[in-house]
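What follows is the content of target.txt, which has compact mmCIF, C-alpha atoms and all ligand atoms:
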# COMPACT_ATOMS: atom_id res chain seq x y z
CA MET I 157 6.75 -13.77 -2.02
CA ASN I 158 7.14 -12.22 1.43
CA HIS I 159 10.38 -10.52 2.35
CA PRO I 160 12.55 -13.66 2.80
CA ILE I 161 13.84 -14.91 6.14
CA PHE I 162 17.16 -16.74 6.48
CA ALA I 163 17.22 -18.53 9.83
CA ALA I 164 20.22 -20.31 11.33
CA ASN I 165 19.43 -22.99 13.92
CA TRP I 166 22.74 -23.72 15.59
CA LYS I 167 21.22 -26.52 17.74
CA MET I 168 23.73 -27.55 20.47
CA ASN I 169 26.71 -25.81 18.86
CA HIS I 170 28.56 -22.51 19.39
CA GLY I 171 28.83 -21.53 23.04
CA PRO I 172 29.35 -17.83 23.84
CA SER I 173 33.01 -17.58 22.76
CA GLU I 174 32.45 -19.44 19.46
CA ALA I 175 29.26 -17.46 18.87
CA ARG I 176 31.18 -14.22 19.36
CA ALA I 177 33.94 -15.25 16.95
CA PHE I 178 31.32 -16.35 14.39
CA LEU I 179 29.46 -13.04 14.62
CA LYS I 180 32.65 -10.98 14.34
CA THR I 181 33.46 -12.72 11.03
CA PHE I 182 29.88 -12.71 9.81
CA LEU I 183 29.34 -9.02 10.47
CA THR I 184 32.50 -7.98 8.67
CA GLN I 185 31.65 -10.06 5.60
CA TYR I 186 27.86 -9.86 5.36
CA GLN I 187 26.61 -6.40 4.46
CA ARG I 188 23.04 -5.43 5.25
CA HIS I 189 20.55 -6.51 2.60
CA TYR I 190 17.37 -4.46 2.94
CA ASP I 191 15.24 -7.11 1.26
CA ARG I 192 15.69 -9.87 3.86
CA THR I 193 15.86 -10.74 7.54
CA ILE I 194 18.45 -12.97 9.19
CA ILE I 195 17.61 -14.84 12.40
CA PHE I 196 20.12 -16.66 14.59
CA PHE I 197 18.91 -19.36 16.98
CA PRO I 198 21.94 -19.99 19.20
CA PRO I 199 21.89 -22.26 22.26
CA ALA I 200 20.32 -20.53 25.29
CA ALA I 201 23.68 -19.72 26.88
CA SER I 202 24.76 -17.78 23.78
CA ILE I 203 21.58 -15.71 23.21
CA ALA I 204 22.84 -12.66 25.12
CA MET I 205 26.22 -12.77 23.38
CA VAL I 206 24.66 -12.93 19.91
CA ALA I 207 22.16 -10.20 20.81
CA SER I 208 24.93 -7.87 21.94
CA GLU I 209 27.04 -8.56 18.83
CA VAL I 210 24.16 -7.76 16.43
CA GLU I 211 22.93 -4.70 18.34
CA GLY I 212 22.08 -1.91 15.91
CA ARG I 213 21.52 -4.30 12.98
CA SER I 214 17.73 -4.22 12.52
CA ASP I 215 18.07 -6.80 9.72
CA ILE I 216 19.33 -9.44 12.18
CA LEU I 217 17.20 -10.98 14.93
CA VAL I 218 18.03 -13.43 17.68
CA GLY I 219 15.80 -16.29 18.75
CA ALA I 220 15.66 -18.99 21.42
CA GLN I 221 15.57 -22.64 20.34
CA ASN I 222 13.02 -23.52 23.01
CA ILE I 223 11.18 -22.13 26.03
CA TYR I 224 9.19 -23.70 28.84
CA TRP I 225 5.48 -22.94 28.98
CA GLN I 226 5.46 -21.53 32.51
CA ASP I 227 6.75 -17.99 33.01
CA THR I 228 8.61 -18.55 36.27
CA GLY I 229 9.07 -21.13 39.03
CA ALA I 230 10.83 -24.29 40.15
CA PHE I 231 11.66 -25.81 36.75
CA THR I 232 15.37 -26.56 36.95
CA GLY I 233 17.14 -26.45 33.62
CA GLU I 234 14.41 -24.65 31.70
CA ILE I 235 14.26 -21.10 30.39
CA SER I 236 11.00 -19.14 30.17
CA GLY I 237 9.70 -16.73 27.56
CA PRO I 238 10.45 -13.68 29.75
CA ILE I 239 14.01 -14.93 30.41
CA ALA I 240 14.65 -15.51 26.69
CA ARG I 241 13.26 -12.06 25.96
CA ASP I 242 15.40 -10.46 28.65
CA ALA I 243 18.49 -12.16 27.14
CA GLY I 244 17.73 -10.49 23.80
CA ALA I 245 15.54 -12.99 21.91
CA THR I 246 12.55 -11.73 19.96
CA VAL I 247 11.67 -15.04 18.26
CA VAL I 248 11.44 -18.61 19.55
CA LEU I 249 11.39 -22.00 17.84
CA VAL I 250 8.48 -24.15 18.98
CA GLY I 251 8.11 -27.84 18.22
CA HIS I 252 11.38 -28.36 16.36
CA SER I 253 11.51 -32.00 15.26
CA GLU I 254 14.33 -32.73 17.72
CA ARG I 255 12.17 -31.39 20.55
CA ARG I 256 9.26 -33.51 19.34
CA HIS I 257 11.14 -36.72 18.53
CA VAL I 258 14.20 -36.73 20.82
CA PHE I 259 12.55 -35.09 23.85
CA GLY I 260 9.01 -36.34 23.30
CA GLU I 261 7.34 -32.96 23.08
CA THR I 262 3.64 -33.26 22.25
CA ASP I 263 1.31 -31.11 20.15
CA ASP I 264 -0.33 -29.97 23.36
CA GLU I 265 2.99 -28.84 24.82
CA CYS I 266 3.75 -26.97 21.59
CA ALA I 267 0.42 -25.17 21.99
CA ASP I 268 1.38 -24.20 25.56
CA LYS I 269 4.75 -22.95 24.32
CA CYS I 270 3.17 -20.84 21.57
CA ALA I 271 0.86 -19.35 24.20
CA ALA I 272 3.87 -18.69 26.45
CA ALA I 273 5.65 -16.99 23.55
CA GLU I 274 2.59 -14.82 22.96
CA ARG I 275 2.53 -13.75 26.64
CA ALA I 276 6.25 -12.93 26.54
CA GLY I 277 6.02 -10.94 23.31
CA LEU I 278 8.15 -13.45 21.43
CA ARG I 279 7.31 -14.35 17.84
CA PRO I 280 6.98 -18.15 17.67
CA MET I 281 8.37 -20.06 14.71
CA LEU I 282 6.23 -23.21 14.86
CA CYS I 283 7.97 -26.17 13.23
CA VAL I 284 5.89 -28.86 11.57
CA GLY I 285 6.86 -31.87 9.49
CA GLU I 286 6.28 -35.53 8.89
CA LYS I 287 8.55 -38.50 9.64
CA LEU I 288 9.65 -40.86 6.86
CA ASP I 289 7.10 -43.56 7.71
CA GLU I 290 4.35 -40.93 7.72
CA ARG I 291 5.51 -39.68 4.33
CA ASP I 292 5.59 -43.23 2.96
CA ALA I 293 2.06 -43.75 4.29
CA ARG I 294 1.00 -40.54 2.47
CA LYS I 295 0.16 -38.86 5.74
CA THR I 296 2.22 -35.69 5.24
CA GLU I 297 -0.74 -33.33 4.99
CA GLU I 298 -2.58 -34.94 7.86
CA VAL I 299 0.47 -34.68 10.17
CA VAL I 300 1.37 -31.13 9.18
CA LEU I 301 -2.22 -29.89 9.55
CA ARG I 302 -2.61 -31.58 12.93
CA GLN I 303 0.60 -29.99 14.22
CA LEU I 304 -0.36 -26.59 12.83
CA ARG I 305 -3.90 -26.54 14.23
CA ALA I 306 -2.76 -27.82 17.61
CA GLY I 307 0.19 -25.43 17.85
CA PHE I 308 -1.97 -22.34 17.47
CA SER I 309 -4.95 -23.63 19.46
CA LYS I 310 -4.28 -21.92 22.80
CA LEU I 311 -3.53 -18.37 21.77
CA GLU I 312 -5.30 -15.54 23.58
CA GLN I 313 -5.40 -13.09 20.70
CA ILE I 314 -5.10 -14.91 17.43
CA ASP I 315 -6.06 -11.71 15.57
CA ALA I 316 -3.04 -9.82 16.82
CA PHE I 317 -0.71 -12.74 16.50
CA ASN I 318 2.26 -12.70 14.15
CA PRO I 319 3.78 -16.18 13.95
CA ILE I 320 6.21 -17.81 11.54
CA VAL I 321 5.82 -21.41 10.37
CA ALA I 322 8.67 -23.69 9.35
CA TYR I 323 8.01 -26.85 7.36
CA GLU I 324 10.79 -29.27 8.18
CA PRO I 325 10.21 -32.84 6.99
CA VAL I 326 11.95 -35.01 9.58
CA TRP I 327 13.47 -37.29 6.91
CA ALA I 328 15.25 -34.27 5.39
CA ILE I 329 16.87 -32.99 8.58
CA GLY I 330 20.61 -33.59 8.69
CA THR I 331 20.36 -36.27 5.99
CA GLY I 332 21.57 -34.38 2.92
CA ARG I 333 18.21 -35.19 1.33
CA ASN I 334 16.12 -32.05 0.90
CA ALA I 335 12.51 -31.88 -0.25
CA THR I 336 12.27 -30.80 -3.89
CA PRO I 337 11.15 -27.21 -4.44
CA ASP I 338 7.88 -28.57 -5.91
CA ASP I 339 7.19 -30.79 -2.91
CA ALA I 340 8.01 -27.99 -0.48
CA SER I 341 5.78 -25.62 -2.43
CA THR I 342 2.86 -28.05 -2.36
CA ILE I 343 3.01 -28.47 1.41
CA HIS I 344 3.57 -24.75 1.95
CA GLY I 345 0.38 -24.15 -0.05
CA VAL I 346 -1.49 -26.56 2.23
CA ILE I 347 -0.07 -24.73 5.27
CA ARG I 348 -1.04 -21.34 3.81
CA ASP I 349 -4.61 -22.50 3.18
CA GLU I 350 -4.92 -23.71 6.75
CA LEU I 351 -3.46 -20.44 8.05
CA LYS I 352 -6.19 -18.66 6.06
CA ALA I 353 -8.77 -20.72 7.90
CA ILE I 354 -7.14 -19.71 11.21
CA VAL I 355 -6.37 -16.00 10.68
CA GLY I 356 -8.12 -15.07 7.42
CA ASP I 357 -6.40 -12.79 4.92
CA ARG I 358 -3.51 -12.08 7.26
CA ALA I 359 -2.29 -15.59 6.40
CA ARG I 360 -0.63 -14.21 3.30
CA ALA I 361 1.79 -12.22 5.45
CA ILE I 362 2.78 -15.17 7.66
CA PRO I 363 6.18 -16.40 6.50
CA VAL I 364 6.37 -20.14 5.82
CA LEU I 365 9.99 -21.32 5.81
CA TYR I 366 11.44 -24.57 4.53
CA GLY I 367 14.07 -26.49 6.51
CA GLY I 368 15.90 -29.79 5.97
CA SER I 369 19.34 -30.15 4.35
CA VAL I 370 19.35 -26.63 2.94
CA ASN I 371 22.73 -25.57 1.55
CA SER I 372 24.07 -22.87 -0.75
CA GLY I 373 23.50 -25.12 -3.78
CA ASN I 374 19.80 -25.86 -3.26
CA ALA I 375 18.77 -22.60 -1.53
CA PRO I 376 18.18 -20.57 -4.74
CA ALA I 377 15.70 -23.08 -6.17
CA LEU I 378 13.94 -23.62 -2.83
CA LEU I 379 13.60 -19.88 -2.31
CA SER I 380 12.17 -19.49 -5.80
CA ALA I 381 9.39 -21.99 -5.15
CA PRO I 382 5.92 -20.48 -4.67
CA ASP I 383 4.96 -20.05 -1.00
CA VAL I 384 8.52 -20.64 0.26
CA ASP I 385 9.30 -17.48 2.22
CA GLY I 386 12.68 -18.42 3.61
CA VAL I 387 14.86 -21.19 4.93
CA LEU I 388 15.65 -22.65 8.36
CA VAL I 389 19.15 -24.06 8.21
CA GLY I 390 20.98 -26.39 10.60
CA GLY I 391 24.35 -27.86 9.58
CA ALA I 392 25.14 -25.36 6.82
CA SER I 393 24.62 -22.43 9.21
CA LEU I 394 27.46 -23.46 11.52
CA ASN I 395 30.26 -22.34 9.25
CA THR I 396 30.55 -18.64 8.38
CA GLY I 397 31.45 -19.31 4.72
CA SER I 398 28.49 -21.53 3.92
CA TRP I 399 26.10 -19.44 6.01
CA ILE I 400 27.11 -16.20 4.32
CA SER I 401 26.62 -17.71 0.89
CA ILE I 402 23.15 -18.93 1.91
CA ALA I 403 22.28 -15.57 3.47
CA ARG I 404 23.20 -13.85 0.20
CA THR I 405 21.02 -16.17 -1.91
CA ARG I 406 19.02 -14.67 -4.70
CA PRO I 407 16.04 -16.65 -6.00
CA THR I 408 16.86 -18.41 -9.29
CA ALA I 409 14.30 -16.19 -11.04
CA GLU I 410 16.72 -13.28 -10.54
CA ILE I 411 19.82 -15.16 -11.67
CA ALA I 412 20.89 -15.21 -15.29
CA PRO I 413 21.04 -18.76 -16.75
CA GLU I 414 24.77 -18.48 -17.47
CA GLU I 415 25.37 -17.53 -13.82
CA LEU I 416 23.40 -20.53 -12.57
CA GLY I 417 25.94 -22.89 -14.02
CA ARG I 418 28.48 -21.35 -11.68
CA GLU I 419 26.34 -21.51 -8.50
P1 LIG C 1 19.87 -29.41 8.60
O1 LIG C 1 19.94 -28.13 7.80
O2 LIG C 1 21.17 -29.76 9.26
O3 LIG C 1 19.25 -30.50 7.84
O4 LIG C 1 18.88 -29.10 9.85
C1 LIG C 1 17.63 -28.56 9.59
C2 LIG C 1 17.04 -28.12 10.86
O5 LIG C 1 16.67 -28.93 11.70
C3 LIG C 1 16.92 -26.67 11.10
O6 LIG C 1 16.09 -26.41 12.17
Here is the file; what I need is its structure written in the form of structure tokens.
Amino acid sequence: MNHPIFAANWKMNHGPSEARAFLKTFLTQYQRHYDRTIIFFPPAASIAMVASEVEGRSDILVGAQNIYWQDTGAFTGEISGPIARDAGATVVLVGHSERRHVFGETDDECADKCAAAERAGLRPMLCVGEKLDERDARKTEEVVLRQLRAGFSKLEQIDAFNPIVAYEPVWAIGTGRNATPDDASTIHGVIRDELKAIVGDRARAIPVLYGGSVNSGNAPALLSAPDVDGVLVGGASLNTGSWISIARTRPTAEIAPEELGRE
């Protein structure tokens, strides 16, 4: 398994003052773990605040939830890759299911956003995942592969590129119904094989995260599943207590059976 990544997607929650209070508590209670990376994706207005609070903690990164694909210009309401970078982001979510399904973002737009991230020196975390009807129609692989191929189709220098992928089945987001570790592992394997076709052996080093109703109870088993290199967490990342217990997760393989009963 790659060095695991624990990513918190705050969605439209925690403006600058709440973000600051959250980080103050988090940083006093969560000691640095050298075997993992934490990423916060706050709303755009809180990126600079989070970046300044975590300054000096190389184990904690800050990301933007979205960028526009142009670098500058008359695009009211948008933020660009260079602006996100200037605010302190080093990572950016691309194609989150809410961007795709609430705001109608297309595969082609996701490709433009990945290319914009590349130009800005931001590491994109491309989100892929099937809707419930697509799952029921056994189209999971087809959908995930289409989104993956399209998302990385407009990069200038694929050989030097260092993305992250997040598999987030839409039916598992915010529903309390997570994919089983086996199901996540199967799709992550499919994603890894496709990444091999795109970037060759370097695919092994590309983290593939799982997201969708992750909590402190199911995180150990999900993180123990083959090819699951981390978690992307929405609701359970909003509260310091639940987020800290997720961020401290050890894979079940490292937990004694008698301890598991107490998890
Ligand atoms: P939940 O953890 O609330 O299901 O959200 C998942 C998600 O969308 C993270 O990006």
Within 10 Å of ligand LIG 1 (chain C) (all atoms listed in the file), residues as a count of residues only: 39
Atomic separation - atom CA of I:Ser214 relative to atom CA of I:Asn158, Å: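 Answer for the atom CA of I:Asn158 to atom CA of I:Ser214 separation: 17.3 Å.
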Interatomic distance (Å, one decimal) between atom CA of I:Val384 and atom CA of I:Phe162: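 Atom CA of I:Phe162 lies 11.3 Å from atom CA of I:Val384.
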Proximity to I:Ser398 - best of I:Leu301, I:Ser236, I:Gly373, I:Ser380, all atoms listed in the file: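 Result for the nearest residue to I:Ser398: I:Gly373.
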Residue nearest I:Ala377 - candidates I:Thr184, I:Thr336, I:Thr246, I:Thr396, atoms counted: only C-alpha atoms: I:Thr336
Residues within 10 Å of I:Asp268, only C-alpha atoms, excluding chain neighbours under 5 positions, as a list of chain:residue names: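 Non-adjacent residues within range: I:Tyr224, I:Trp225, I:Gln226, I:Val250, I:Thr262, I:Asp263, I:Ala273, I:Glu274, I:Ala306, I:Gly307, I:Phe308, I:Ser309, I:Lys310, I:Leu311.
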Pick from I:Gly356, I:Pro198, I:Gly244, I:Pro382, whichever lies nearest to I:Asp315 using all atoms listed in the file: I:Gly356
Centre, edges in Å (one decimal): axis-aligned box, stretch 232-238 of chain I, 5 Å padding on all six sides, as JSON:
{"center_x": 13.4, "center_y": -20.1, "center_z": 32.3, "size_x": 17.4, "size_y": 22.9, "size_z": 19.4}
d(atom CA of I:Val248, atom CA of I:Leu379) in Å: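 Those two atoms sit 22.0 Å apart.
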Residue among I:Arg305, I:Lys352, I:Arg404, I:Arg291 lying closest to I:Thr193, counting all atoms listed in the file: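 Comparing I:Arg305, I:Lys352, I:Arg404, I:Arg291 against I:Thr193, the winner is I:Arg404.
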Spatial sel., origin (-1.7, -9.0, 13.2), limit 12 Å, all atoms listed in the file, listed as an NGL selection string: :I and (279 or 313-320 or 355-362)
Residue with smallest distance to I:Gly237 - pool I:Arg176, I:Glu261, I:Arg213, I:Gly277, counting only C-alpha atoms: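 Ranked by minimum distance to I:Gly237, first place goes to I:Gly277.
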Residue with smallest distance to I:Ala375 - pool I:Thr342, I:Phe182, I:Ile161, I:Val206, counting all atoms listed in the file: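 Closest candidate: I:Ile161.
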Spatial neighbours of I:Ala175, max dist 8 Å, only C-alpha atoms, sep filter under 4 positions, as a tab-separated table (two decimals) with C-alpha atoms, keeping the file's coordinate frame:
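The result, stored in part.tsv:
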chain	number	residue	atom	x	y	z
I	170	HIS	CA	28.56	-22.51	19.39
I	171	GLY	CA	28.83	-21.53	23.04
I	179	LEU	CA	29.46	-13.04	14.62
I	198	PRO	CA	21.94	-19.99	19.20
I	202	SER	CA	24.76	-17.78	23.78
I	205	MET	CA	26.22	-12.77	23.38
I	206	VAL	CA	24.66	-12.93	19.91
